[in-house]
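Trainee: Hey, dropping structure.txt in here, compact mmCIF, C-alpha atoms and all ligand atoms:
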# COMPACT_ATOMS: atom_id res chain seq x y z
CA MET A 1 94.15 80.11 123.21
CA ARG A 2 93.41 77.45 125.69
CA THR A 3 92.24 77.36 129.24
CA LYS A 4 93.85 75.16 131.79
CA HIS A 5 90.45 74.13 133.08
CA VAL A 6 89.03 72.44 130.01
CA ALA A 7 90.15 69.22 128.43
CA GLY A 8 91.04 69.50 124.77
CA LEU A 9 88.14 69.22 122.37
CA ALA A 10 88.55 68.44 118.74
CA VAL A 11 87.52 71.86 117.60
CA ALA A 12 89.32 73.47 114.72
CA LEU A 13 90.34 76.79 116.14
CA LEU A 14 90.59 78.95 113.09
CA LEU A 15 92.39 79.51 109.88
CA LEU A 16 95.39 80.87 111.59
CA ALA A 17 97.20 78.46 113.79
CA GLY A 18 100.93 78.45 114.33
CA CYS A 19 103.49 78.75 117.04
CA THR A 20 104.17 80.90 120.04
CA LYS A 21 107.40 82.76 120.43
CA THR A 22 109.04 85.10 122.85
CA ILE A 23 111.14 87.98 121.71
CA SER A 24 114.16 89.41 123.39
CA GLY A 25 115.69 92.79 122.83
CA THR A 26 114.81 96.33 123.64
CA PRO A 27 112.95 98.41 121.10
CA THR A 28 114.51 101.72 120.36
CA ALA A 29 112.58 104.88 120.98
CA GLU A 30 112.21 105.80 117.34
CA GLN A 31 110.70 102.41 116.56
CA TRP A 32 107.95 103.20 119.03
CA ASN A 33 107.05 106.57 117.64
CA PRO A 34 103.50 106.24 116.31
CA THR A 35 104.17 108.70 113.52
CA GLU A 36 107.21 106.81 112.28
CA VAL A 37 108.25 103.39 111.06
CA ALA A 38 111.64 102.54 112.57
CA GLY A 39 112.64 106.18 112.36
CA LEU A 40 111.16 106.89 108.93
CA PRO A 41 108.02 108.98 108.51
CA ILE A 42 104.87 107.03 107.67
CA THR A 43 104.18 107.63 103.99
CA THR A 44 101.33 106.66 101.69
CA GLY A 45 102.89 107.24 98.29
CA PRO A 46 103.38 104.77 95.42
CA SER A 47 105.00 101.36 95.80
CA GLY A 48 106.53 99.36 92.97
CA GLU A 49 108.89 100.01 90.10
CA ARG A 50 109.72 103.61 89.47
CA PRO A 51 108.31 104.72 86.13
CA GLY A 52 110.68 105.06 83.20
CA VAL A 53 113.51 102.86 84.47
CA PRO A 54 114.74 100.57 81.68
CA PRO A 55 114.65 96.79 82.30
CA ALA A 56 117.66 95.26 83.97
CA HIS A 57 120.11 93.15 82.01
CA VAL A 58 119.75 89.85 83.80
CA SER A 59 120.03 86.59 81.92
CA VAL A 60 117.06 84.47 83.01
CA GLN A 61 117.13 80.85 81.96
CA GLY A 62 113.82 79.46 80.78
CA THR A 63 112.11 82.85 80.78
CA ASP A 64 108.94 83.56 78.82
CA ASN A 65 109.95 87.24 78.72
CA GLY A 66 106.60 88.10 80.30
CA PRO A 67 105.94 90.89 82.77
CA ILE A 68 106.35 88.72 85.87
CA ASP A 69 109.78 87.53 84.76
CA ARG A 70 110.79 91.09 83.92
CA LEU A 71 109.69 92.23 87.37
CA ALA A 72 111.53 89.34 89.01
CA ALA A 73 114.69 89.98 86.99
CA ASP A 74 114.56 93.67 87.89
CA ALA A 75 114.20 92.66 91.53
CA VAL A 76 117.19 90.32 91.38
CA ASP A 77 119.23 93.08 89.75
CA ASP A 78 118.27 95.71 92.31
CA VAL A 79 118.69 93.51 95.37
CA GLN A 80 122.10 92.39 94.17
CA ALA A 81 123.08 95.98 93.45
CA TYR A 82 122.20 96.70 97.08
CA TRP A 83 124.38 93.86 98.31
CA GLY A 84 127.17 95.07 96.07
CA LYS A 85 127.05 98.35 97.98
CA VAL A 86 126.80 97.02 101.54
CA LEU A 87 128.83 93.83 101.32
CA PRO A 88 132.30 94.39 99.88
CA GLY A 89 133.15 91.70 97.36
CA TYR A 90 129.56 90.45 96.97
CA ARG A 91 129.35 88.21 93.91
CA PRO A 92 126.03 87.95 92.06
CA VAL A 93 124.48 84.49 91.89
CA ILE A 94 125.69 82.40 88.96
CA TYR A 95 122.33 81.32 87.52
CA VAL A 96 118.89 82.89 87.48
CA SER A 97 116.00 80.71 86.31
CA SER A 98 112.28 80.97 85.74
CA PHE A 99 109.85 78.08 85.40
CA ASP A 100 106.11 77.63 85.14
CA SER A 101 104.95 75.16 87.78
CA ARG A 102 101.79 74.48 85.79
CA SER A 103 103.52 73.09 82.74
CA SER A 104 107.17 72.55 83.55
CA THR A 105 108.76 69.24 82.65
CA GLY A 106 112.26 70.07 83.82
CA SER A 107 114.10 70.13 87.09
CA LEU A 108 116.22 72.62 88.99
CA CYS A 109 118.47 72.04 91.97
CA GLY A 110 117.72 68.35 91.78
CA GLN A 111 113.97 68.70 92.06
CA SER A 112 111.22 68.57 89.50
CA THR A 113 109.68 71.97 88.91
CA LYS A 114 106.32 70.57 87.87
CA GLY A 115 103.84 71.68 90.50
CA LEU A 116 106.62 73.45 92.43
CA VAL A 117 104.87 76.64 93.57
CA ASN A 118 107.95 78.16 95.08
CA ALA A 119 110.97 80.39 94.73
CA PHE A 120 114.32 79.27 96.02
CA TYR A 121 118.04 79.75 96.28
CA CYS A 122 120.08 76.67 95.43
CA GLY A 123 123.47 76.45 97.09
CA ASN A 124 124.59 73.54 94.92
CA ASP A 125 124.97 75.67 91.83
CA ASP A 126 124.56 79.16 93.37
CA SER A 127 121.32 79.81 91.56
CA ILE A 128 118.01 81.46 92.20
CA ALA A 129 114.74 80.37 90.61
CA TRP A 130 111.06 81.22 90.76
CA ASP A 131 107.70 79.95 89.64
CA ARG A 132 106.30 82.49 87.18
CA GLY A 133 103.14 80.43 86.65
CA VAL A 134 101.47 80.50 90.05
CA LEU A 135 103.54 81.84 92.94
CA LEU A 136 104.75 85.21 91.73
CA PRO A 137 101.57 86.21 89.88
CA THR A 138 99.50 85.24 92.92
CA LEU A 139 101.66 87.36 95.19
CA ALA A 140 101.67 90.29 92.79
CA HIS A 141 97.90 90.09 92.45
CA ASP A 142 97.19 89.81 96.16
CA PHE A 143 99.90 92.01 97.67
CA GLY A 144 101.34 94.09 94.85
CA ASP A 145 104.57 93.96 92.86
CA MET A 146 106.75 94.63 95.87
CA SER A 147 105.73 91.28 97.36
CA VAL A 148 107.58 89.65 94.45
CA VAL A 149 110.60 91.78 95.28
CA ALA A 150 110.32 90.73 98.93
CA VAL A 151 110.33 87.02 98.10
CA LEU A 152 113.37 87.38 95.85
CA ALA A 153 115.13 89.58 98.42
CA HIS A 154 114.59 86.75 100.89
CA GLU A 155 116.01 84.16 98.49
CA LEU A 156 119.02 86.33 97.75
CA GLY A 157 119.45 86.59 101.51
CA HIS A 158 120.36 82.91 101.34
CA ALA A 159 123.00 83.72 98.73
CA VAL A 160 124.40 86.31 101.14
CA GLN A 161 124.47 83.67 103.87
CA THR A 162 126.45 81.36 101.65
CA ARG A 163 128.95 84.10 100.96
CA LEU A 164 129.25 84.89 104.66
CA GLY A 165 129.72 81.25 105.58
CA ALA A 166 126.49 81.01 107.58
CA ALA A 167 124.75 78.46 105.38
CA GLY A 168 125.37 75.62 107.82
CA ALA A 169 122.97 76.92 110.45
CA SER A 170 119.60 75.29 111.15
CA SER A 171 116.70 75.99 108.86
CA ILE A 172 114.94 78.38 111.21
CA VAL A 173 118.12 80.40 111.78
CA ARG A 174 118.82 80.60 108.05
CA GLU A 175 115.25 81.62 107.29
CA GLN A 176 115.21 84.22 110.04
CA GLN A 177 118.42 85.68 108.67
CA ALA A 178 117.07 85.72 105.13
CA ASP A 179 113.92 87.55 106.27
CA CYS A 180 116.13 89.96 108.16
CA TYR A 181 118.34 90.58 105.10
CA ALA A 182 115.19 91.23 103.08
CA GLY A 183 114.20 93.77 105.72
CA SER A 184 117.55 95.52 105.43
CA TYR A 185 117.12 95.81 101.67
CA PHE A 186 113.61 97.21 102.10
CA ARG A 187 115.00 99.86 104.42
CA TYR A 188 117.23 100.95 101.54
CA VAL A 189 114.21 101.07 99.25
CA ALA A 190 112.08 102.92 101.80
CA GLU A 191 114.81 105.51 102.24
CA GLY A 192 114.67 106.20 98.52
CA HIS A 193 118.10 104.79 97.67
CA SER A 194 116.95 102.18 95.17
CA PRO A 195 117.16 103.50 91.60
CA ARG A 196 114.48 101.01 90.54
CA PHE A 197 111.92 100.46 93.30
CA GLN A 198 110.01 102.60 95.76
CA ILE A 199 107.78 101.71 98.68
CA SER A 200 105.57 103.64 101.06
CA THR A 201 106.17 102.95 104.72
CA GLY A 202 102.42 102.85 105.39
CA PRO A 203 100.40 100.69 102.98
CA GLY A 204 103.52 99.54 101.10
CA LEU A 205 105.20 97.93 104.08
CA ASN A 206 101.84 96.63 105.28
CA ASP A 207 101.66 94.61 102.08
CA ILE A 208 105.12 93.20 102.70
CA LEU A 209 104.22 92.12 106.21
CA SER A 210 101.04 90.58 104.81
CA THR A 211 103.18 88.71 102.29
CA LEU A 212 105.26 87.29 105.12
CA PHE A 213 102.04 86.26 106.79
CA PHE A 214 100.90 84.55 103.62
CA ILE A 215 104.10 82.53 103.27
CA ARG A 216 104.39 81.62 106.95
CA ASP A 217 104.81 78.02 107.98
CA THR A 218 101.82 75.74 108.12
CA PRO A 219 100.15 76.04 111.52
CA GLY A 220 101.81 73.98 114.20
CA THR A 221 105.12 73.54 112.37
CA SER A 222 107.91 73.20 114.89
CA ALA A 223 110.76 75.68 114.64
CA ALA A 224 113.01 72.64 114.96
CA SER A 225 111.57 71.16 111.79
CA PRO A 226 114.29 70.62 109.16
CA ASP A 227 112.53 72.99 106.78
CA ALA A 228 111.03 75.46 109.26
CA HIS A 229 110.65 78.99 107.93
CA GLY A 230 108.89 80.42 110.95
CA THR A 231 105.48 81.60 111.96
CA ALA A 232 104.17 84.93 110.74
CA PHE A 233 105.20 86.42 114.07
CA ASP A 234 108.75 85.10 113.59
CA ARG A 235 109.00 86.19 110.01
CA VAL A 236 107.64 89.68 110.59
CA THR A 237 109.95 90.04 113.58
CA ALA A 238 113.03 89.09 111.56
CA PHE A 239 112.08 91.41 108.71
CA GLN A 240 111.56 94.25 111.19
CA LEU A 241 114.94 93.59 112.82
CA GLY A 242 116.61 93.98 109.44
CA PHE A 243 114.54 97.02 108.53
CA GLY A 244 115.18 98.71 111.85
CA ASP A 245 118.73 97.69 112.70
CA GLY A 246 120.37 96.62 109.45
CA VAL A 247 122.73 93.93 108.24
CA PRO A 248 124.87 93.51 111.40
CA ARG A 249 121.72 92.69 113.36
CA CYS A 250 120.85 90.02 110.80
CA GLU A 251 124.31 88.52 110.97
CA SER A 252 123.98 88.25 114.73
CA ILE A 253 120.91 86.00 114.54
CA ASP A 254 122.02 82.60 115.73
CA ALA A 255 120.64 79.44 117.28
CA ALA A 256 120.92 80.83 120.80
CA GLU A 257 118.86 83.88 119.90
CA VAL A 258 116.25 81.94 118.01
CA ASN A 259 115.97 79.43 120.85
CA ARG A 260 115.41 82.27 123.29
CA ARG A 261 112.60 83.59 121.17
CA VAL A 262 110.80 80.26 120.87
CA THR A 263 108.42 79.26 123.61
CA PRO A 264 107.91 75.64 124.59
CA ALA A 265 104.24 75.94 123.64
CA GLU A 266 105.13 76.04 119.99
CA ASP A 267 104.55 72.37 119.32
CA GLY A 268 101.59 71.99 121.63
CA PRO A 269 97.98 71.47 120.68
CA SER A 270 95.98 74.53 119.77
CA GLY A 271 93.17 73.31 122.01
CA PRO A 272 89.55 74.27 121.74
CA SER A 273 88.56 77.72 120.67
CA LEU A 274 87.55 79.82 123.63
CA ALA A 275 84.19 81.51 123.28
CA VAL A 276 83.34 84.95 124.56
CA SER A 277 79.91 83.54 125.41
CA ASP A 278 81.51 81.24 127.98
CA PRO A 279 81.41 82.96 131.41
CA ALA A 280 84.21 80.73 132.70
CA ALA A 281 86.46 81.82 129.83
CA LEU A 282 85.68 85.47 130.51
CA HIS A 283 86.41 84.92 134.20
CA ASP A 284 89.76 83.40 133.29
CA LEU A 285 90.39 86.31 130.98
CA GLN A 286 89.83 88.76 133.81
CA THR A 287 92.20 86.76 136.00
CA THR A 288 94.94 86.97 133.39
CA ILE A 289 94.36 90.69 132.80
CA LYS A 290 94.69 91.38 136.51
CA SER A 291 97.85 89.33 136.65
CA ALA A 292 99.39 91.01 133.61
CA PHE A 293 98.59 94.57 134.57
CA GLY A 294 98.79 94.16 138.36
CA THR A 295 95.74 96.31 138.88
CA PRO A 296 92.09 95.76 139.78
CA VAL A 297 90.26 94.71 136.67
CA ALA A 298 87.63 96.86 135.05
CA PRO A 299 84.41 94.85 135.29
CA PHE A 300 82.83 93.52 132.13
CA THR A 301 79.35 94.80 131.32
CA THR A 302 77.05 94.79 128.32
CA ASP A 303 76.45 98.54 128.36
CA SER A 304 75.50 99.07 124.74
CA ALA A 305 75.80 102.86 124.92
CA CYS A 306 79.46 102.48 125.76
CA VAL A 307 80.30 99.95 123.06
CA GLY A 308 79.11 102.11 120.22
CA ARG A 309 79.64 100.49 116.85
CA TYR A 310 82.46 98.29 118.10
CA ALA A 311 82.53 94.81 119.58
CA VAL A 312 83.88 96.11 122.87
CA GLY A 313 84.42 99.50 124.47
CA PHE A 314 85.98 101.10 127.51
CA CYS A 315 83.67 103.26 129.61
CA PRO A 316 85.65 105.83 131.64
CA SER A 317 82.57 106.97 133.58
CA ASP A 318 82.39 103.78 135.60
CA ASN A 319 85.70 102.23 134.59
CA SER A 320 84.09 99.23 132.95
CA VAL A 321 84.65 97.30 129.75
CA ALA A 322 81.44 96.85 127.81
CA LEU A 323 81.06 93.81 125.59
CA ASN A 324 78.82 93.32 122.61
CA LEU A 325 78.84 89.54 122.75
CA ALA A 326 77.15 89.13 119.39
CA ARG A 327 79.75 91.27 117.65
CA LEU A 328 82.61 89.65 119.54
CA SER A 329 81.38 86.22 118.47
CA GLU A 330 81.66 87.30 114.86
CA ILE A 331 85.39 87.97 115.16
CA SER A 332 87.40 85.20 113.56
CA GLY A 333 89.64 83.63 116.16
CA ASP A 334 89.54 83.56 119.92
CA PHE A 335 92.81 85.40 120.36
CA ALA A 336 91.53 88.23 118.20
CA ALA A 337 88.30 88.53 120.17
CA PHE A 338 89.91 88.22 123.58
CA GLY A 339 92.69 90.55 122.49
CA GLU A 340 90.14 93.23 121.64
CA ILE A 341 88.68 92.91 125.14
CA VAL A 342 92.15 93.16 126.66
CA SER A 343 92.87 96.25 124.59
CA ARG A 344 89.91 98.03 126.19
CA ALA A 345 91.06 96.90 129.65
CA ALA A 346 94.42 98.41 128.69
CA LEU A 347 92.64 101.73 128.29
CA SER A 348 91.45 101.33 131.87
CA VAL A 349 95.08 101.01 132.97
CA GLN A 350 95.91 104.24 131.14
CA HIS A 351 92.82 105.97 132.52
CA ALA A 352 93.83 105.07 136.07
CA ARG A 353 97.11 106.89 135.49
CA GLY A 354 95.43 109.95 134.11
CA LEU A 355 96.75 109.41 130.61
CA PRO A 356 94.79 110.60 127.58
CA LEU A 357 92.72 107.84 126.00
CA THR A 358 92.60 109.25 122.49
CA GLY A 359 95.35 109.85 120.00
CA LEU A 360 98.05 107.79 118.35
CA VAL A 361 100.15 107.52 121.46
CA ALA A 362 97.23 106.03 123.38
CA ALA A 363 96.76 103.59 120.51
CA GLN A 364 100.40 102.51 120.68
CA ARG A 365 100.30 102.15 124.45
CA THR A 366 97.22 99.99 124.00
CA ALA A 367 98.99 97.73 121.52
CA CYS A 368 101.97 97.47 123.85
CA LEU A 369 99.80 96.58 126.85
CA THR A 370 97.86 94.02 124.84
CA GLY A 371 101.18 92.50 123.79
CA LEU A 372 102.23 92.51 127.43
CA TRP A 373 99.14 90.52 128.31
CA ALA A 374 99.87 88.07 125.48
CA GLY A 375 103.41 87.64 126.72
CA SER A 376 102.14 87.06 130.25
CA ILE A 377 100.12 83.99 129.25
CA VAL A 378 102.84 81.96 127.60
CA PRO A 379 102.45 78.43 129.00
CA SER A 380 105.55 78.62 131.19
CA HIS A 381 103.78 81.29 133.24
CA HIS A 382 100.98 78.86 134.18
CA GLN A 383 98.18 81.35 133.92
CA ALA A 384 94.45 80.57 133.75
CA LEU A 385 94.59 81.06 129.99
CA GLU A 386 97.50 80.08 127.79
CA LEU A 387 98.63 81.03 124.33
CA SER A 388 98.47 78.13 121.96
CA PRO A 389 99.94 77.62 118.50
CA GLY A 390 98.59 80.16 116.08
CA ASP A 391 97.65 82.84 118.56
CA LEU A 392 100.54 85.17 117.80
CA ASP A 393 99.97 84.79 114.08
CA GLU A 394 96.39 85.74 114.75
CA ALA A 395 97.72 88.79 116.56
CA VAL A 396 99.82 89.73 113.52
CA ALA A 397 96.80 89.37 111.26
CA GLU A 398 94.78 91.56 113.59
CA LEU A 399 97.49 94.18 113.79
CA LEU A 400 97.83 94.33 110.02
CA ALA A 401 94.09 94.91 109.67
CA ASP A 402 93.09 98.53 109.87
CA ASP A 403 89.92 97.92 111.87
CA SER A 404 91.24 96.00 114.85
CA LEU A 405 90.97 97.54 118.29
CA ILE A 406 94.16 95.90 119.54
CA ALA A 407 96.19 98.94 118.49
CA ALA A 408 93.42 101.52 118.65
CA ASP A 409 92.61 104.38 120.99
CA GLN A 410 89.32 104.81 122.79
CA ALA A 411 87.70 106.21 119.68
CA GLY A 412 88.79 103.21 117.63
CA ALA A 413 91.51 105.10 115.75
CA ALA A 414 94.66 103.11 115.06
CA VAL A 415 98.19 104.12 114.14
CA PRO A 416 98.29 104.25 110.33
CA SER A 417 101.07 101.69 109.98
CA GLY A 418 100.77 97.95 110.55
CA PHE A 419 104.54 97.89 110.98
CA ALA A 420 104.35 100.34 113.90
CA ARG A 421 101.40 98.48 115.39
CA VAL A 422 103.21 95.14 115.34
CA ASP A 423 106.30 96.84 116.79
CA ALA A 424 104.37 98.17 119.76
CA PHE A 425 102.64 94.85 120.38
CA ARG A 426 105.95 93.01 120.28
CA ALA A 427 107.56 95.51 122.63
CA GLY A 428 104.89 94.71 125.19
CA TYR A 429 105.18 91.00 124.51
CA ALA A 430 108.91 91.14 125.25
CA ALA A 431 108.33 93.32 128.33
CA ALA A 432 106.20 90.57 129.85
CA ASN A 433 109.45 88.90 130.79
CA THR A 434 109.82 91.63 133.40
CA GLY A 435 106.41 90.93 134.97
CA THR A 436 104.16 93.86 135.78
CA ALA A 437 107.15 96.18 135.41
CA GLY A 438 106.28 95.80 131.76
CA VAL A 439 103.28 98.06 132.35
CA ALA A 440 105.59 100.95 133.11
CA ALA A 441 107.66 100.09 130.06
CA CYS A 442 104.56 100.37 127.88
CA LEU A 443 103.50 103.65 129.48
CA THR A 444 106.85 105.41 129.71
CA ASP A 445 106.48 108.70 127.93
CA SER A 446 109.93 108.68 126.42
CA HIS A 447 109.00 105.57 124.49
CA TRP A 448 106.21 107.32 122.71
ZN ZN B 501 114.28 80.90 102.73
Can the structure in the file be given as structure tokens, please?
Mentor:
Amino acid sequence: MRTKHVAGLAVALLLLAGCTKTISGTPTAEQWNPTEVAGLPITTGPSGERPGVPPAHVSVQGTDNGPIDRLAADAVDDVQAYWGKVLPGYRPVIYVSSFDSRSSTGSLCGQSTKGLVNAFYCGNDDSIAWDRGVLLPTLAHDFGDMSVVAVLAHELGHAVQTRLGAAGASSIVREQQADCYAGSYFRYVAEGHSPRFQISTGPGLNDILSTLFFIRDTPGTSAASPDAHGTAFDRVTAFQLGFGDGVPRCESIDAAEVNRRVTPAEDGPSGPSLAVSDPAALHDLQTTIKSAFGTPVAPFTTDSACVGRYAVGFCPSDNSVALNLARLSEISGDFAAFGEIVSRAALSVQHARGLPLTGLVAAQRTACLTGLWAGSIVPSHHQALELSPGDLDEAVAELLADDSLIAADQAGAAVPSGFARVDAFRAGYAAANTGTAGVAACLTDSHW
């Protein structure tokens, strides 16, 4: 984040920089239910290939016949079987290739595959290819086998685009569509329709969203860049649109929609990291909270009894927000730290309306209100603090972590699904376009 009062300092903000976006659209009630993920119950069962299913018959050029290639081939087979069901006349891609970026001496799609840590769809020869040496094993190791499936589902989304005649769109539109198509396929898997793969809607989908975070664009990449894929916030959003609303929603993604979702701040400087130890920054934070929520702001204190084991806590007895500055300073990223403070101020808003402060619904309201605050400080709103590139990606990282307060109730308990947490945050972020009316949108009972 950046303050309007301080000139830019050459301070590296954090690991997670990126772009700021706005989101349009109205979340549906079932997407906001804290016990569900886009209408499906939150589950914690196994994710990956179903046991006992024989390998798919996919001809993979250049394969080493190792386990990663078998997994990738199975994924290509299953994703294309899905498209065969939902898209009448879908033709499988012509070529499927594997290479090892560590040792390859060949080329595919006109590019050398040596050192090419990537997976891609090639429109020139209607092929799909992946790096079995570094990319897919890294993903499988870090995020589980289904992350490999997600990457290939994305690439096959480009094949779908080609078949639907949408391949001429800008990079960011094509990538958003491909993420969305991947989301639609994962809905099919999550509903138990895939004969080959299964995924839990709790930890399983969390890993997929973390995969999208991992493969997000380099911080500060413009959405107008010729090879833009999108920030984590963009990519997770597109995947969730496909998961929640299906293929027609993906097809409807166009330049106009993407442009609406992109804020002008996207290419701006990230600015200096704001410190919770800076009284001026905390003062500006209070100003933005008051503006976002339209209510008197709970004063900040350092009441340690109220903070408990957390970095920040809401104290209903005197309607204050207690900060543990040492703990807050340990949080990586200024948006994450300030967002945790805002989340406790959001409990104050709920308290003032007599709403319960514990339980999953309170946690979701808190995420929504924190998103509302984030949406209220996009640069075009000229607030005392502004989002800067990377802040929303930081929010996604926070929301995918199980210990963040941004989507937690007063007791620190969060909804057990990163997907649902991000959904609630984004709903609030979008509602900021309606000003403080967004508060009511976050608190409306029928939403929760
Ligand atoms: Zn792509």
Trainee: Could you state the separation of atom CA of Lys290 of chain A and atom CA of Val276 of chain A in Å, given to one decimal place?
Mentor: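 About the pair atom CA of Lys290 of chain A and atom CA of Val276 of chain A: they are 17.7 Å apart.
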Trainee: Just give me the residues with any atom within 9 Å of (94.6, 87.3, 120.8), file coordinates, counting all atoms listed in the file, written as a count of residues only.
Mentor: 21
Trainee: Just the number, please: distance in Å from atom CA of Leu87 of chain A to atom CA of Val247 of chain A, one decimal.
Mentor: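 Distance between the two atoms: 9.2 Å.
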Trainee: Restricting the calculation to only C-alpha atoms and all ligand atoms, which member of A:His283, A:Arg235, A:His351, A:Arg249 is positioned closest to ligand ZN 501 (chain B)?
Mentor: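 For ligand ZN 501 (chain B), the nearest of the given residues is A:Arg235.
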Trainee: Pick out the closest residue to ligand ZN 501 (chain B) from this set: A:Met146, A:Val151, A:Ala322, A:Val79. Count all atoms listed in the file.
Mentor: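 Closest to ligand ZN 501 (chain B) of all the choices is A:Val151.
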Trainee: Mind giving me the straight-line distance from atom CA of His57 of chain A to atom CA of Asp74 of chain A in Å, one decimal?
Mentor: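 Interatomic distance here is 8.1 Å.
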Trainee: Dump as a Markdown table the rows for residues of chain A within 9 Å of ligand ZN 501 (chain B): closest atom pair and distance in Å with one decimal, only C-alpha atoms and all ligand atoms counted, ordered by chain and rising residue number.
Mentor:
| residue | atom | partner | partner_atom | distance |
| --- | --- | --- | --- | --- |
| A:Ala119 | CA | B:ZN501 | ZN | 8.7 |
| A:Phe120 | CA | B:ZN501 | ZN | 6.9 |
| A:Tyr121 | CA | B:ZN501 | ZN | 7.6 |
| A:Val151 | CA | B:ZN501 | ZN | 8.6 |
| A:His154 | CA | B:ZN501 | ZN | 6.1 |
| A:Glu155 | CA | B:ZN501 | ZN | 5.6 |
| A:Leu156 | CA | B:ZN501 | ZN | 8.8 |
| A:Gly157 | CA | B:ZN501 | ZN | 7.8 |
| A:His158 | CA | B:ZN501 | ZN | 6.6 |
| A:Ser171 | CA | B:ZN501 | ZN | 8.2 |
| A:Ile172 | CA | B:ZN501 | ZN | 8.9 |
| A:Arg174 | CA | B:ZN501 | ZN | 7.0 |
| A:Glu175 | CA | B:ZN501 | ZN | 4.7 |
| A:Gln176 | CA | B:ZN501 | ZN | 8.1 |
| A:Gln177 | CA | B:ZN501 | ZN | 8.7 |
| A:Ala178 | CA | B:ZN501 | ZN | 6.1 |
| A:Asp179 | CA | B:ZN501 | ZN | 7.5 |
| A:His229 | CA | B:ZN501 | ZN | 6.6 |
Trainee: A:Val349, A:Ala408, A:Leu209, A:Val312: which is nearest Phe233 of chain A, counting only C-alpha atoms?
Mentor: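 Checking each candidate against Phe233 of chain A, we get A:Leu209 as the closest.
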Trainee: Taking all atoms listed in the file into account, name the residue in A:Val236, A:Ala256, A:Leu241, A:Cys122 that is nearest to Ser170 of chain A.
Mentor: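 Between A:Val236, A:Ala256, A:Leu241, A:Cys122, the residue approaching Ser170 of chain A most closely is A:Ala256.
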Trainee: Between A:Ala238, A:Leu325, A:Ala292, A:Val148, single out the one closest to Arg426 of chain A, counting all atoms listed in the file.
Mentor: A:Ala238
Trainee: Between A:Pro389, A:Gly246, A:Gly294, A:Gly313, which has the minimum distance to Leu405 of chain A (counting all atoms listed in the file)?
Mentor: A:Gly313
Trainee: Quick one: residues within 6 Å of segment 40-45 of chain A, only C-alpha atoms counted, chain neighbours fewer than 5 positions away excluded, as a ChimeraX atom specification?
Mentor: /A:200-202
Trainee: With a distance cut-off of 7 Å and only C-alpha atoms, select the neighbouring residues of Asn118 of chain A, excluding the residue or stretch itself and same-chain residues fewer than 2 positions from it, and output the selection as a PyMOL selection string.
Mentor: chain A and resi 116+120+130-131+135
Trainee: Might you pull out every residue within 8 Å of Ala150 of chain A, with all atoms listed in the file counted and same-chain residues fewer than 5 positions away left off, and present them as a PDB file with C-alpha atoms, in the coordinates of the input?
Mentor:
ATOM      1  CA  ALA A 182     115.190  91.230 103.080  1.00  0.00           C
ATOM      2  CA  PHE A 186     113.610  97.210 102.100  1.00  0.00           C
ATOM      3  CA  ILE A 208     105.120  93.200 102.700  1.00  0.00           C
TER       4      ILE A 208
END
Trainee: Using only C-alpha atoms, list the residues that have an atom at most 12 Å from (114.0, 104.7, 95.1), coordinates as in the file, as a VMD selection string.
Mentor: chain A and resid 45 to 51 53 78 82 185 to 200
Trainee: Go ahead and write the selection's residues with C-alpha atoms as a PDB file, in the coordinates of the input.
Mentor:
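Okay, again06.pdb is ready:
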ATOM      1  CA  GLY A  45     102.890 107.240  98.290  1.00  0.00           C
ATOM      2  CA  PRO A  46     103.380 104.770  95.420  1.00  0.00           C
ATOM      3  CA  SER A  47     105.000 101.360  95.800  1.00  0.00           C
ATOM      4  CA  GLY A  48     106.530  99.360  92.970  1.00  0.00           C
ATOM      5  CA  GLU A  49     108.890 100.010  90.100  1.00  0.00           C
ATOM      6  CA  ARG A  50     109.720 103.610  89.470  1.00  0.00           C
ATOM      7  CA  PRO A  51     108.310 104.720  86.130  1.00  0.00           C
ATOM      8  CA  VAL A  53     113.510 102.860  84.470  1.00  0.00           C
ATOM      9  CA  ASP A  78     118.270  95.710  92.310  1.00  0.00           C
ATOM     10  CA  TYR A  82     122.200  96.700  97.080  1.00  0.00           C
ATOM     11  CA  TYR A 185     117.120  95.810 101.670  1.00  0.00           C
ATOM     12  CA  PHE A 186     113.610  97.210 102.100  1.00  0.00           C
ATOM     13  CA  ARG A 187     115.000  99.860 104.420  1.00  0.00           C
ATOM     14  CA  TYR A 188     117.230 100.950 101.540  1.00  0.00           C
ATOM     15  CA  VAL A 189     114.210 101.070  99.250  1.00  0.00           C
ATOM     16  CA  ALA A 190     112.080 102.920 101.800  1.00  0.00           C
ATOM     17  CA  GLU A 191     114.810 105.510 102.240  1.00  0.00           C
ATOM     18  CA  GLY A 192     114.670 106.200  98.520  1.00  0.00           C
ATOM     19  CA  HIS A 193     118.100 104.790  97.670  1.00  0.00           C
ATOM     20  CA  SER A 194     116.950 102.180  95.170  1.00  0.00           C
ATOM     21  CA  PRO A 195     117.160 103.500  91.600  1.00  0.00           C
ATOM     22  CA  ARG A 196     114.480 101.010  90.540  1.00  0.00           C
ATOM     23  CA  PHE A 197     111.920 100.460  93.300  1.00  0.00           C
ATOM     24  CA  GLN A 198     110.010 102.600  95.760  1.00  0.00           C
ATOM     25  CA  ILE A 199     107.780 101.710  98.680  1.00  0.00           C
ATOM     26  CA  SER A 200     105.570 103.640 101.060  1.00  0.00           C
TER      27      SER A 200
END
Trainee: For Leu400 of chain A, please output as a list in words all residues within 10 Å (counting all atoms listed in the file; exclusion window: fewer than 6 positions along the same chain).
Mentor: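 Contacts, in chain order: Pro203, Asn206, Asp207, Leu209, Ser210, Phe213, Glu394, Ala407, Pro416, Ser417, Gly418, Phe419, Ala420, Arg421 and Val422 of chain A.
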